[in-house]
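For reference, start.pdb (PDB, C-alpha atoms and all ligand atoms):
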ATOM      1  CA  MET L   1      85.164 111.395  78.833
ATOM      2  CA  GLU L   2      86.605 109.614  75.834
ATOM      3  CA  VAL L   3      90.078 108.225  76.341
ATOM      4  CA  LYS L   4      91.411 110.095  73.272
ATOM      5  CA  GLU L   5      90.220 113.375  74.697
ATOM      6  CA  TYR L   6      91.772 112.569  78.088
ATOM      7  CA  VAL L   7      95.142 111.772  76.481
ATOM      8  CA  LYS L   8      94.975 115.058  74.571
ATOM      9  CA  ARG L   9      94.184 117.020  77.734
ATOM     10  CA  VAL L  10      97.152 115.444  79.525
ATOM     11  CA  ASN L  11      99.456 116.167  76.565
ATOM     12  CA  ASP L  12      98.232 119.779  76.366
ATOM     13  CA  ALA L  13      99.012 120.288  80.065
ATOM     14  CA  VAL L  14     102.466 118.716  79.630
ATOM     15  CA  GLU L  15     103.303 120.924  76.621
ATOM     16  CA  TYR L  16     102.153 124.031  78.491
ATOM     17  CA  LEU L  17     104.260 123.198  81.550
ATOM     18  CA  LYS L  18     107.347 122.351  79.460
ATOM     19  CA  GLY L  19     107.168 125.888  78.093
ATOM     20  CA  LYS L  20     107.272 127.287  81.650
ATOM     21  CA  ILE L  21     110.146 125.295  83.178
ATOM     22  CA  SER L  22     113.809 124.974  82.260
ATOM     23  CA  GLU L  23     114.388 121.497  83.712
ATOM     24  CA  SER L  24     112.183 118.392  83.968
ATOM     25  CA  PRO L  25     111.418 117.369  87.572
ATOM     26  CA  ARG L  26     112.604 113.945  88.760
ATOM     27  CA  ILE L  27     110.602 113.940  91.981
ATOM     28  CA  ALA L  28     106.957 114.881  92.551
ATOM     29  CA  ILE L  29     105.578 115.551  96.023
ATOM     30  CA  ILE L  30     101.842 115.655  96.764
ATOM     31  CA  LEU L  31     101.082 117.822  99.795
ATOM     32  CA  GLY L  32      98.020 116.606 101.700
ATOM     33  CA  SER L  33      95.710 118.445 104.128
ATOM     34  CA  GLY L  34      97.681 120.776 106.412
ATOM     35  CA  LEU L  35     100.985 119.712 104.844
ATOM     36  CA  GLY L  36     101.624 122.734 102.629
ATOM     37  CA  GLY L  37     104.655 123.818 104.716
ATOM     38  CA  ILE L  38     107.129 121.884 102.566
ATOM     39  CA  ALA L  39     106.481 124.293  99.691
ATOM     40  CA  GLU L  40     108.360 127.062 101.552
ATOM     41  CA  ALA L  41     111.652 125.123 101.378
ATOM     42  CA  VAL L  42     111.684 125.024  97.560
ATOM     43  CA  GLU L  43     114.424 127.124  95.945
ATOM     44  CA  GLU L  44     113.924 129.100  92.731
ATOM     45  CA  PRO L  45     110.190 128.345  92.884
ATOM     46  CA  ILE L  46     107.964 128.691  89.859
ATOM     47  CA  SER L  47     104.320 128.528  91.010
ATOM     48  CA  ILE L  48     101.677 127.736  88.446
ATOM     49  CA  PRO L  49      98.006 127.801  89.530
ATOM     50  CA  TYR L  50      95.981 124.821  88.298
ATOM     51  CA  SER L  51      93.546 127.260  86.719
ATOM     52  CA  GLU L  52      96.309 128.393  84.293
ATOM     53  CA  ILE L  53      97.134 124.886  83.072
ATOM     54  CA  PRO L  54      95.079 123.670  80.105
ATOM     55  CA  GLY L  55      93.018 120.599  81.038
ATOM     56  CA  PHE L  56      93.900 120.668  84.740
ATOM     57  CA  PRO L  57      91.073 120.289  87.289
ATOM     58  CA  VAL L  58      90.751 122.976  90.022
ATOM     59  CA  SER L  59      90.804 122.134  93.771
ATOM     60  CA  THR L  60      88.092 123.120  96.276
ATOM     61  CA  ALA L  61      88.876 121.368  99.617
ATOM     62  CA  PRO L  62      89.622 123.476 102.747
ATOM     63  CA  GLY L  63      93.330 123.699 103.672
ATOM     64  CA  HIS L  64      94.281 122.953 100.083
ATOM     65  CA  LYS L  65      95.800 125.409  97.675
ATOM     66  CA  GLY L  66      95.689 124.812  93.958
ATOM     67  CA  GLU L  67      99.110 125.155  92.405
ATOM     68  CA  LEU L  68     102.127 123.276  91.129
ATOM     69  CA  VAL L  69     105.458 124.534  92.453
ATOM     70  CA  PHE L  70     108.505 123.680  90.335
ATOM     71  CA  GLY L  71     111.975 124.243  91.768
ATOM     72  CA  LYS L  72     114.883 122.687  93.647
ATOM     73  CA  LEU L  73     115.226 120.844  96.927
ATOM     74  CA  HIS L  74     118.883 120.115  97.815
ATOM     75  CA  GLY L  75     119.769 120.708  94.185
ATOM     76  CA  LYS L  76     117.226 118.109  92.953
ATOM     77  CA  SER L  77     114.631 119.154  90.454
ATOM     78  CA  VAL L  78     111.179 118.717  92.029
ATOM     79  CA  VAL L  79     107.532 119.522  91.459
ATOM     80  CA  LEU L  80     105.174 120.019  94.398
ATOM     81  CA  MET L  81     101.454 119.568  94.123
ATOM     82  CA  ASN L  82     100.014 122.037  96.613
ATOM     83  CA  GLY L  83      96.407 120.856  96.873
ATOM     84  CA  ARG L  84      95.057 117.584  95.513
ATOM     85  CA  PHE L  85      91.777 116.456  94.014
ATOM     86  CA  HIS L  86      89.586 114.210  96.130
ATOM     87  CA  TYR L  87      87.077 111.690  94.862
ATOM     88  CA  TYR L  88      84.571 112.972  97.468
ATOM     89  CA  GLU L  89      84.620 116.415  95.868
ATOM     90  CA  GLY L  90      82.892 114.873  92.877
ATOM     91  CA  TYR L  91      85.916 114.492  90.611
ATOM     92  CA  SER L  92      86.133 111.294  88.608
ATOM     93  CA  MET L  93      89.053 108.954  89.270
ATOM     94  CA  LYS L  94      90.547 110.130  85.947
ATOM     95  CA  GLU L  95      90.470 113.741  87.166
ATOM     96  CA  VAL L  96      91.843 112.822  90.596
ATOM     97  CA  THR L  97      94.853 111.197  88.914
ATOM     98  CA  PHE L  98      95.271 113.679  86.036
ATOM     99  CA  PRO L  99      98.315 115.342  87.670
ATOM    100  CA  ILE L 100     100.052 111.969  88.077
ATOM    101  CA  ARG L 101      99.865 111.374  84.322
ATOM    102  CA  VAL L 102     101.251 114.855  83.759
ATOM    103  CA  PHE L 103     104.151 114.100  86.149
ATOM    104  CA  GLN L 104     104.805 110.766  84.406
ATOM    105  CA  LEU L 105     105.013 112.436  80.997
ATOM    106  CA  LEU L 106     107.219 115.222  82.382
ATOM    107  CA  GLY L 107     109.743 112.521  83.326
ATOM    108  CA  VAL L 108     109.090 112.179  87.065
ATOM    109  CA  GLU L 109     110.556 108.937  88.464
ATOM    110  CA  VAL L 110     109.669 109.156  92.150
ATOM    111  CA  LEU L 111     106.328 110.157  93.683
ATOM    112  CA  ILE L 112     106.207 111.161  97.355
ATOM    113  CA  VAL L 113     102.633 111.273  98.567
ATOM    114  CA  THR L 114     101.341 112.631 101.885
ATOM    115  CA  ASN L 115      97.929 112.635 103.528
ATOM    116  CA  ALA L 116      96.037 113.038 106.783
ATOM    117  CA  ALA L 117      94.676 109.775 108.153
ATOM    118  CA  GLY L 118      92.824 108.327 111.108
ATOM    119  CA  GLY L 119      94.816 105.916 113.256
ATOM    120  CA  LEU L 120      93.370 102.402 113.469
ATOM    121  CA  ASN L 121      96.348 100.642 115.019
ATOM    122  CA  PRO L 122      95.866 100.991 118.822
ATOM    123  CA  ASP L 123      99.603 101.674 119.255
ATOM    124  CA  PHE L 124      99.491 104.794 117.064
ATOM    125  CA  GLN L 125      99.621 108.323 118.476
ATOM    126  CA  VAL L 126      98.032 111.467 117.099
ATOM    127  CA  GLY L 127     100.537 113.873 115.533
ATOM    128  CA  VAL L 128     103.023 111.106 114.666
ATOM    129  CA  PRO L 129     103.659 110.212 110.991
ATOM    130  CA  MET L 130     103.140 106.737 109.544
ATOM    131  CA  ILE L 131     105.311 105.508 106.675
ATOM    132  CA  ILE L 132     102.937 103.672 104.311
ATOM    133  CA  VAL L 133     104.098 100.141 103.498
ATOM    134  CA  ASP L 134     101.002  99.033 101.549
ATOM    135  CA  HIS L 135      97.403 100.000 100.870
ATOM    136  CA  ILE L 136      93.883  98.593 100.565
ATOM    137  CA  ASN L 137      91.588 100.085  97.940
ATOM    138  CA  LEU L 138      88.094 100.368  99.433
ATOM    139  CA  MET L 139      87.120 103.439  97.420
ATOM    140  CA  GLY L 140      84.714 101.439  95.277
ATOM    141  CA  ASP L 141      86.304 102.677  92.062
ATOM    142  CA  ASN L 142      89.616 102.510  90.207
ATOM    143  CA  PRO L 143      91.348 105.103  88.016
ATOM    144  CA  LEU L 144      92.462 102.428  85.527
ATOM    145  CA  ILE L 145      88.920 101.336  84.602
ATOM    146  CA  GLY L 146      88.222 101.908  80.900
ATOM    147  CA  PRO L 147      90.361 101.489  77.790
ATOM    148  CA  ASN L 148      94.048 101.106  78.691
ATOM    149  CA  VAL L 149      96.495 103.628  77.252
ATOM    150  CA  ASP L 150      99.289 101.177  76.394
ATOM    151  CA  GLU L 151     101.944 103.905  76.036
ATOM    152  CA  TRP L 152     101.262 104.866  79.662
ATOM    153  CA  GLY L 153     101.395 101.379  81.227
ATOM    154  CA  PRO L 154     100.126  97.767  81.151
ATOM    155  CA  ARG L 155      96.476  96.646  81.245
ATOM    156  CA  PHE L 156      97.040  94.587  84.405
ATOM    157  CA  PRO L 157      99.707  96.377  86.439
ATOM    158  CA  ASP L 158     101.576  94.542  89.178
ATOM    159  CA  MET L 159     100.986  95.806  92.736
ATOM    160  CA  SER L 160     103.340  93.472  94.631
ATOM    161  CA  GLU L 161     105.407  96.497  95.673
ATOM    162  CA  ALA L 162     103.083  99.481  95.429
ATOM    163  CA  TYR L 163     105.256 101.340  97.942
ATOM    164  CA  ASP L 164     108.934 101.018  97.098
ATOM    165  CA  LYS L 165     110.747  98.933  99.719
ATOM    166  CA  ASP L 166     114.030 100.836  99.359
ATOM    167  CA  LEU L 167     112.263 104.167  99.825
ATOM    168  CA  VAL L 168     110.449 102.861 102.925
ATOM    169  CA  LYS L 169     113.808 101.727 104.297
ATOM    170  CA  LEU L 170     115.399 105.087 103.505
ATOM    171  CA  ALA L 171     112.542 107.006 105.162
ATOM    172  CA  LEU L 172     112.780 104.847 108.306
ATOM    173  CA  GLU L 173     116.564 105.335 108.450
ATOM    174  CA  VAL L 174     116.257 109.092 107.990
ATOM    175  CA  ALA L 175     113.571 109.359 110.698
ATOM    176  CA  LYS L 176     115.779 107.415 113.102
ATOM    177  CA  GLU L 177     118.809 109.596 112.386
ATOM    178  CA  LEU L 178     116.771 112.779 112.852
ATOM    179  CA  GLY L 179     115.290 111.458 116.099
ATOM    180  CA  ILE L 180     111.747 111.638 114.710
ATOM    181  CA  LYS L 181     109.261 109.030 115.896
ATOM    182  CA  VAL L 182     107.365 107.297 113.081
ATOM    183  CA  PHE L 183     105.120 104.281 112.727
ATOM    184  CA  GLN L 184     104.771 102.100 109.658
ATOM    185  CA  GLY L 185     101.642 100.445 108.372
ATOM    186  CA  VAL L 186      98.893  99.802 105.854
ATOM    187  CA  TYR L 187      96.701 102.661 104.589
ATOM    188  CA  VAL L 188      93.113 101.970 103.614
ATOM    189  CA  GLY L 189      91.421 104.412 101.240
ATOM    190  CA  LEU L 190      87.663 105.073 101.471
ATOM    191  CA  ALA L 191      85.641 107.444  99.321
ATOM    192  CA  GLY L 192      84.461 109.653 102.214
ATOM    193  CA  PRO L 193      83.502 112.449 102.813
ATOM    194  CA  ASN L 194      82.104 111.362 106.190
ATOM    195  CA  PHE L 195      84.470 110.067 108.839
ATOM    196  CA  GLU L 196      83.851 106.453 109.814
ATOM    197  CA  THR L 197      81.318 104.957 112.212
ATOM    198  CA  ALA L 198      82.598 102.924 115.151
ATOM    199  CA  ALA L 199      81.534  99.726 113.348
ATOM    200  CA  GLU L 200      83.495 100.808 110.269
ATOM    201  CA  TYR L 201      86.659 101.554 112.264
ATOM    202  CA  ARG L 202      86.269  98.097 113.873
ATOM    203  CA  MET L 203      85.911  96.452 110.460
ATOM    204  CA  LEU L 204      88.910  98.321 108.989
ATOM    205  CA  ARG L 205      91.123  97.177 111.872
ATOM    206  CA  LYS L 206      90.062  93.585 111.233
ATOM    207  CA  LEU L 207      90.836  93.964 107.525
ATOM    208  CA  GLY L 208      94.472  94.663 108.398
ATOM    209  CA  ALA L 209      94.624  98.435 108.012
ATOM    210  CA  ASP L 210      96.609 100.688 110.353
ATOM    211  CA  ALA L 211      95.338 104.048 109.090
ATOM    212  CA  VAL L 212      92.318 105.258 107.106
ATOM    213  CA  GLY L 213      91.896 108.200 104.771
ATOM    214  CA  MET L 214      90.121 109.535 101.695
ATOM    215  CA  SER L 215      92.944 109.963  99.173
ATOM    216  CA  THR L 216      96.298 108.565  98.000
ATOM    217  CA  VAL L 217      95.127 105.154  96.735
ATOM    218  CA  PRO L 218      94.091 106.387  93.237
ATOM    219  CA  GLU L 219      97.285 108.430  92.802
ATOM    220  CA  VAL L 220      99.472 105.510  93.843
ATOM    221  CA  ILE L 221      97.685 103.069  91.510
ATOM    222  CA  VAL L 222      98.270 105.402  88.551
ATOM    223  CA  ALA L 223     101.863 106.136  89.564
ATOM    224  CA  LYS L 224     102.623 102.410  89.683
ATOM    225  CA  HIS L 225     100.853 101.871  86.370
ATOM    226  CA  GLY L 226     103.108 104.568  84.923
ATOM    227  CA  GLY L 227     106.291 102.978  86.315
ATOM    228  CA  LEU L 228     106.986 105.505  89.093
ATOM    229  CA  LYS L 229     108.459 104.561  92.462
ATOM    230  CA  VAL L 230     106.288 105.619  95.387
ATOM    231  CA  LEU L 231     106.935 106.736  98.958
ATOM    232  CA  GLY L 232     103.883 107.516 101.134
ATOM    233  CA  LEU L 233     103.539 109.235 104.505
ATOM    234  CA  SER L 234     100.373 109.657 106.578
ATOM    235  CA  ALA L 235      99.897 112.249 109.293
ATOM    236  CA  ILE L 236      97.938 110.455 112.025
ATOM    237  CA  THR L 237      95.343 113.042 113.031
ATOM    238  CA  ASP L 238      92.897 111.133 115.245
ATOM    239  CA  LYS L 239      92.251 107.791 116.860
ATOM    240  CA  GLY L 240      89.677 105.614 115.161
ATOM    241  CA  ASP L 241      89.026 103.737 118.387
ATOM    242  CA  PRO L 242      85.719 101.854 117.952
ATOM    243  CA  ASP L 243      85.269 101.297 121.707
ATOM    244  CA  ASN L 244      85.781 104.928 122.681
ATOM    245  CA  LEU L 245      84.944 106.961 119.598
ATOM    246  CA  GLN L 246      85.050 110.736 120.084
ATOM    247  CA  PRO L 247      83.364 113.229 117.744
ATOM    248  CA  LEU L 248      85.810 114.327 115.037
ATOM    249  CA  THR L 249      85.947 117.585 113.093
ATOM    250  CA  ALA L 250      87.856 118.625 109.985
ATOM    251  CA  GLU L 251      89.438 121.436 112.054
ATOM    252  CA  GLU L 252      90.918 118.917 114.488
ATOM    253  CA  VAL L 253      92.235 116.859 111.574
ATOM    254  CA  LEU L 254      93.917 119.919 110.011
ATOM    255  CA  GLU L 255      95.468 121.024 113.312
ATOM    256  CA  ASN L 256      96.993 117.606 113.997
ATOM    257  CA  ALA L 257      98.040 117.202 110.356
ATOM    258  CA  GLU L 258     100.097 120.377 110.699
ATOM    259  CA  ARG L 259     101.807 118.946 113.789
ATOM    260  CA  ALA L 260     102.751 115.668 112.087
ATOM    261  CA  GLY L 261     103.434 117.644 108.908
ATOM    262  CA  ARG L 262     106.382 119.451 110.447
ATOM    263  CA  ALA L 263     108.041 116.090 111.179
ATOM    264  CA  MET L 264     107.095 114.790 107.724
ATOM    265  CA  ALA L 265     108.613 117.834 106.023
ATOM    266  CA  LYS L 266     111.960 117.126 107.727
ATOM    267  CA  ILE L 267     111.879 113.467 106.705
ATOM    268  CA  ILE L 268     110.904 114.255 103.108
ATOM    269  CA  SER L 269     113.571 116.938 102.773
ATOM    270  CA  GLU L 270     116.305 114.553 103.925
ATOM    271  CA  VAL L 271     114.989 111.666 101.798
ATOM    272  CA  VAL L 272     115.089 113.939  98.731
ATOM    273  CA  ARG L 273     118.650 114.981  99.556
ATOM    274  CA  ARG L 274     119.713 111.311  99.480
ATOM    275  CA  LEU L 275     117.831 110.294  96.341
TER     276      LEU L 275
HETATM  277  N1  LIG M   1      88.927 108.751 108.615
HETATM  278  C1  LIG M   1      89.037 109.055 107.325
HETATM  279  N2  LIG M   1      89.802 110.013 106.872
HETATM  280  C2  LIG M   1      90.516 110.700 107.759
HETATM  281  C3  LIG M   1      90.457 110.432 109.118
HETATM  282  C4  LIG M   1      89.616 109.396 109.576
HETATM  283  O1  LIG M   1      89.517 109.094 110.775
HETATM  284  N3  LIG M   1      91.303 111.282 109.725
HETATM  285  C5  LIG M   1      91.863 112.033 108.749
HETATM  286  N4  LIG M   1      91.394 111.695 107.558
END
Written as structure tokens, that's how I'd like the structure from this file.
Ligand code: HPA
Amino acid sequence: MEVKEYVKRVNDAVEYLKGKISESPRIAIILGSGLGGIAEAVEEPISIPYSEIPGFPVSTAPGHKGELVFGKLHGKSVVLMNGRFHYYEGYSMKEVTFPIRVFQLLGVEVLIVTNAAGGLNPDFQVGVPMIIVDHINLMGDNPLIGPNVDEWGPRFPDMSEAYDKDLVKLALEVAKELGIKVFQGVYVGLAGPNFETAAEYRMLRKLGADAVGMSTVPEVIVAKHGGLKVLGLSAITDKGDPDNLQPLTAEEVLENAERAGRAMAKIISEVVRRL
């Protein structure tokens, strides 16, 4: 798609949404697989299906809805993305990150991103959240490839602090106060859709990753390009143990994501309250 056409599509979506909401959101929250529960805590919700928004892609993955939910959390104006677009579904990187551009132009300053991920760090436990401190892009693509839209961000964006250090600190503090166990670590993003082989899990450990998944990296790259601060949380849904690899199903991932998701919802709610 031509960059001009992409910019127009984003602007059309933004104009449409502005006509539907009374207040611009400051915080956007992407709900990953099995993490839709947070949506129920939103007050005065206005749900808008993706299919209604001009230019917006439509989601197909299991366990994912397809709607934006505008409203309030602890009096803060938020927008929730209930269902994301994955690269493995066949969307281009520009489509995967389309909502992030819309959030940027709506005035969002903080992006909170969640996902389900396989645990690589041998200390990690299934059902326990990981606060993301950094990422490795192994998706083989990048949403910023192509002509740069200078009004949206710089050609060569800095990634020295992709995940905001203050937000990581806040999330760790909140988890401690709430008595919720969390890990922290590096997320590596792969294209998927297959889960990894034992040799791949072994390699990813050696590369310095603590958790592996099939999302998040493109959204975070675009959010940083657009000047947003990012907080990321992974639900650890399985153990990517190369020496004792057990068969893994999407059902198992969803079930364990819901378990970690309950803890993540509490952390996110309290983080938002303190923002
Ligand atoms: N690998 C990749 N993506 C995942 C995994 C995994 O082990 N678990 C949940 N999402």
Taking all atoms of ligand LIG 1 (chain M) that the file lists, what box with edges along x, y and z, padded by 4 Å per side, do you get, with centre and edge lengths in Å to one decimal, as lines of an AutoDock Vina configuration file?
center_x = 90.4
center_y = 110.4
center_z = 108.8
size_x = 10.9
size_y = 11.3
size_z = 11.9
* **Close residues to ligand LIG 1 (chain M) using only C-alpha atoms and all ligand atoms, limit 7 Å, as a list in words** => Ala116, Ala117, Gly118, Gly119, Gly192, Phe195, Glu196, Val212, Gly213, Met214, Thr237, Asp238, Lys239, Gly240 and Val253 of chain L
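Here atom CA of Gly107 of chain L and atom CA of Phe56 of chain L stand 17.9 Å from one another.
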Could you spell out the hits of the PyMOL selection byres (((chain L and resi 204) around 12) and not hetatm) on the shown file, as a short mmCIF file (atom, residue, chain, number, x, y, z; two decimals) with C-alpha atoms, in the coordinates of the input?
data_model
loop_
_atom_site.label_atom_id
_atom_site.label_comp_id
_atom_site.auth_asym_id
_atom_site.auth_seq_id
_atom_site.Cartn_x
_atom_site.Cartn_y
_atom_site.Cartn_z
CA GLY L 118 92.82 108.33 111.11
CA GLY L 119 94.82 105.92 113.26
CA LEU L 120 93.37 102.40 113.47
CA ASN L 121 96.35 100.64 115.02
CA HIS L 135 97.40 100.00 100.87
CA ILE L 136 93.88 98.59 100.56
CA ASN L 137 91.59 100.08 97.94
CA LEU L 138 88.09 100.37 99.43
CA VAL L 186 98.89 99.80 105.85
CA TYR L 187 96.70 102.66 104.59
CA VAL L 188 93.11 101.97 103.61
CA GLY L 189 91.42 104.41 101.24
CA LEU L 190 87.66 105.07 101.47
CA GLU L 196 83.85 106.45 109.81
CA THR L 197 81.32 104.96 112.21
CA ALA L 198 82.60 102.92 115.15
CA ALA L 199 81.53 99.73 113.35
CA GLU L 200 83.50 100.81 110.27
CA TYR L 201 86.66 101.55 112.26
CA ARG L 202 86.27 98.10 113.87
CA MET L 203 85.91 96.45 110.46
CA ARG L 205 91.12 97.18 111.87
CA LYS L 206 90.06 93.58 111.23
CA LEU L 207 90.84 93.96 107.52
CA GLY L 208 94.47 94.66 108.40
CA ALA L 209 94.62 98.44 108.01
CA ASP L 210 96.61 100.69 110.35
CA ALA L 211 95.34 104.05 109.09
CA VAL L 212 92.32 105.26 107.11
CA GLY L 213 91.90 108.20 104.77
CA GLY L 240 89.68 105.61 115.16
CA ASP L 241 89.03 103.74 118.39
CA PRO L 242 85.72 101.85 117.95
#
* Between L:His74, L:Lys65, L:Arg84, L:His225, which one has atoms that come closest to Pro49 of chain L, using all atoms listed in the file? -> L:Lys65
* Got a sec to resolve the PyMOL selection byres (((chain L and resi 262-264) around 9) and not hetatm) on this structure and send the residues as a list of chain:residue names? ->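 Taken over the shown coordinates, the PyMOL selection byres (((chain L and resi 262-264) around 9) and not hetatm) returns L:Leu35, L:Gly37, L:Ile38, L:Thr114, L:Gly127, L:Val128, L:Pro129, L:Ala175, L:Ile180, L:Lys181, L:Leu233, L:Ser234, L:Ala235, L:Ala257, L:Glu258, L:Arg259, L:Ala260, L:Gly261, L:Ala265, L:Lys266, L:Ile267, L:Ile268, L:Ser269.
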Do a neighbour search on segment 170-173 of chain L at 10 Å with only C-alpha atoms, toss out local chain neighbours closer than 5 positions, and write the hits as a compact mmCIF listing (two decimals) with C-alpha atoms, in the frame of the given file.
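Printed below is result33.txt as written:
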# COMPACT_ATOMS: atom_id res chain seq x y z
CA MET L 130 103.14 106.74 109.54
CA ILE L 131 105.31 105.51 106.68
CA ASP L 164 108.93 101.02 97.10
CA LYS L 165 110.75 98.93 99.72
CA LEU L 178 116.77 112.78 112.85
CA GLY L 179 115.29 111.46 116.10
CA ILE L 180 111.75 111.64 114.71
CA LYS L 181 109.26 109.03 115.90
CA VAL L 182 107.36 107.30 113.08
CA PHE L 183 105.12 104.28 112.73
CA GLN L 184 104.77 102.10 109.66
CA LEU L 231 106.94 106.74 98.96
CA GLY L 232 103.88 107.52 101.13
CA LEU L 233 103.54 109.24 104.50
CA MET L 264 107.10 114.79 107.72
CA ILE L 267 111.88 113.47 106.70
CA ILE L 268 110.90 114.26 103.11
CA GLU L 270 116.30 114.55 103.92
CA VAL L 271 114.99 111.67 101.80
CA VAL L 272 115.09 113.94 98.73
CA ARG L 274 119.71 111.31 99.48
CA LEU L 275 117.83 110.29 96.34
* To do: Check the smallest atom-to-atom distance from each of L:Val108, L:Val168, L:Ile29, L:Val113 to Leu73 of chain L using only C-alpha atoms, then report the winner.
  => L:Ile29
* Tell me, as a VMD selection string, which residues lie within 9 Å of Leu144 of chain L, counting all atoms listed in the file; anything in the same chain fewer than 6 positions away does not count. => chain L and resid 93 to 94 155 218 221 to 222 225
* Which distance in Å separates atom CA of Glu95 of chain L and atom CA of Arg26 of chain L, to one decimal? ->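 Between atom CA of Glu95 of chain L and atom CA of Arg26 of chain L the gap works out to 22.2 Å.
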* Residue IDs satisfying the PyMOL selection byres (((chain L and resi 96) around 9) and not hetatm), as a PyMOL selection string -> chain L and resi 57+84-87+91-95+97-100+143+218-219
Please, could you write that set of residues out with C-alpha atoms as a short mmCIF file (atom, residue, chain, number, x, y, z; two decimals), keeping the file's coordinate frame?
data_model
loop_
_atom_site.label_atom_id
_atom_site.label_comp_id
_atom_site.auth_asym_id
_atom_site.auth_seq_id
_atom_site.Cartn_x
_atom_site.Cartn_y
_atom_site.Cartn_z
CA PRO L 57 91.07 120.29 87.29
CA ARG L 84 95.06 117.58 95.51
CA PHE L 85 91.78 116.46 94.01
CA HIS L 86 89.59 114.21 96.13
CA TYR L 87 87.08 111.69 94.86
CA TYR L 91 85.92 114.49 90.61
CA SER L 92 86.13 111.29 88.61
CA MET L 93 89.05 108.95 89.27
CA LYS L 94 90.55 110.13 85.95
CA GLU L 95 90.47 113.74 87.17
CA THR L 97 94.85 111.20 88.91
CA PHE L 98 95.27 113.68 86.04
CA PRO L 99 98.32 115.34 87.67
CA ILE L 100 100.05 111.97 88.08
CA PRO L 143 91.35 105.10 88.02
CA PRO L 218 94.09 106.39 93.24
CA GLU L 219 97.28 108.43 92.80
#
* Tell me, as number ranges by chain, which residues lie within 12 Å of Lys18 of chain L, counting all atoms listed in the file; anything in the same chain fewer than 4 positions away does not count. => L: 11-14, 22-25, 48, 53, 70, 102-103, 105-107
Atoms kept (C-alpha atoms) for selection, written as an mmCIF file, keeping the file's coordinate frame:
data_model
loop_
_atom_site.group_PDB
_atom_site.id
_atom_site.type_symbol
_atom_site.label_atom_id
_atom_site.label_comp_id
_atom_site.auth_asym_id
_atom_site.auth_seq_id
_atom_site.Cartn_x
_atom_site.Cartn_y
_atom_site.Cartn_z
ATOM 1 C CA ASN L 11 99.456 116.167 76.565
ATOM 2 C CA ASP L 12 98.232 119.779 76.366
ATOM 3 C CA ALA L 13 99.012 120.288 80.065
ATOM 4 C CA VAL L 14 102.466 118.716 79.630
ATOM 5 C CA SER L 22 113.809 124.974 82.260
ATOM 6 C CA GLU L 23 114.388 121.497 83.712
ATOM 7 C CA SER L 24 112.183 118.392 83.968
ATOM 8 C CA PRO L 25 111.418 117.369 87.572
ATOM 9 C CA ILE L 48 101.677 127.736 88.446
ATOM 10 C CA ILE L 53 97.134 124.886 83.072
ATOM 11 C CA PHE L 70 108.505 123.680 90.335
ATOM 12 C CA VAL L 102 101.251 114.855 83.759
ATOM 13 C CA PHE L 103 104.151 114.100 86.149
ATOM 14 C CA LEU L 105 105.013 112.436 80.997
ATOM 15 C CA LEU L 106 107.219 115.222 82.382
ATOM 16 C CA GLY L 107 109.743 112.521 83.326
#
* Asked: Which value, in Å to one decimal, gives the distance between atom CA of Ser77 of chain L and atom CA of Ser215 of chain L?
  ->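 We find that atom CA of Ser77 of chain L and atom CA of Ser215 of chain L lie 25.1 Å from each other.
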* To do: Pick out the closest residue to Glu109 of chain L from this set: L:Ser160, L:Ile27, L:Asp243, L:Pro193. Count only C-alpha atoms.
  =>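 Once distances to Glu109 of chain L are computed over only C-alpha atoms, the minimum belongs to L:Ile27.
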* L:Ile112, L:Ala191, L:Val69, L:Val10: which is nearest Tyr88 of chain L, counting all atoms listed in the file? ->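 That would be L:Ala191, the residue with the smallest distance to Tyr88 of chain L.
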* Nearest to Tyr50 of chain L, chosen from L:Tyr6, L:Gly36, L:Gly71, L:Met81, with only C-alpha atoms counted in the distances -> L:Met81
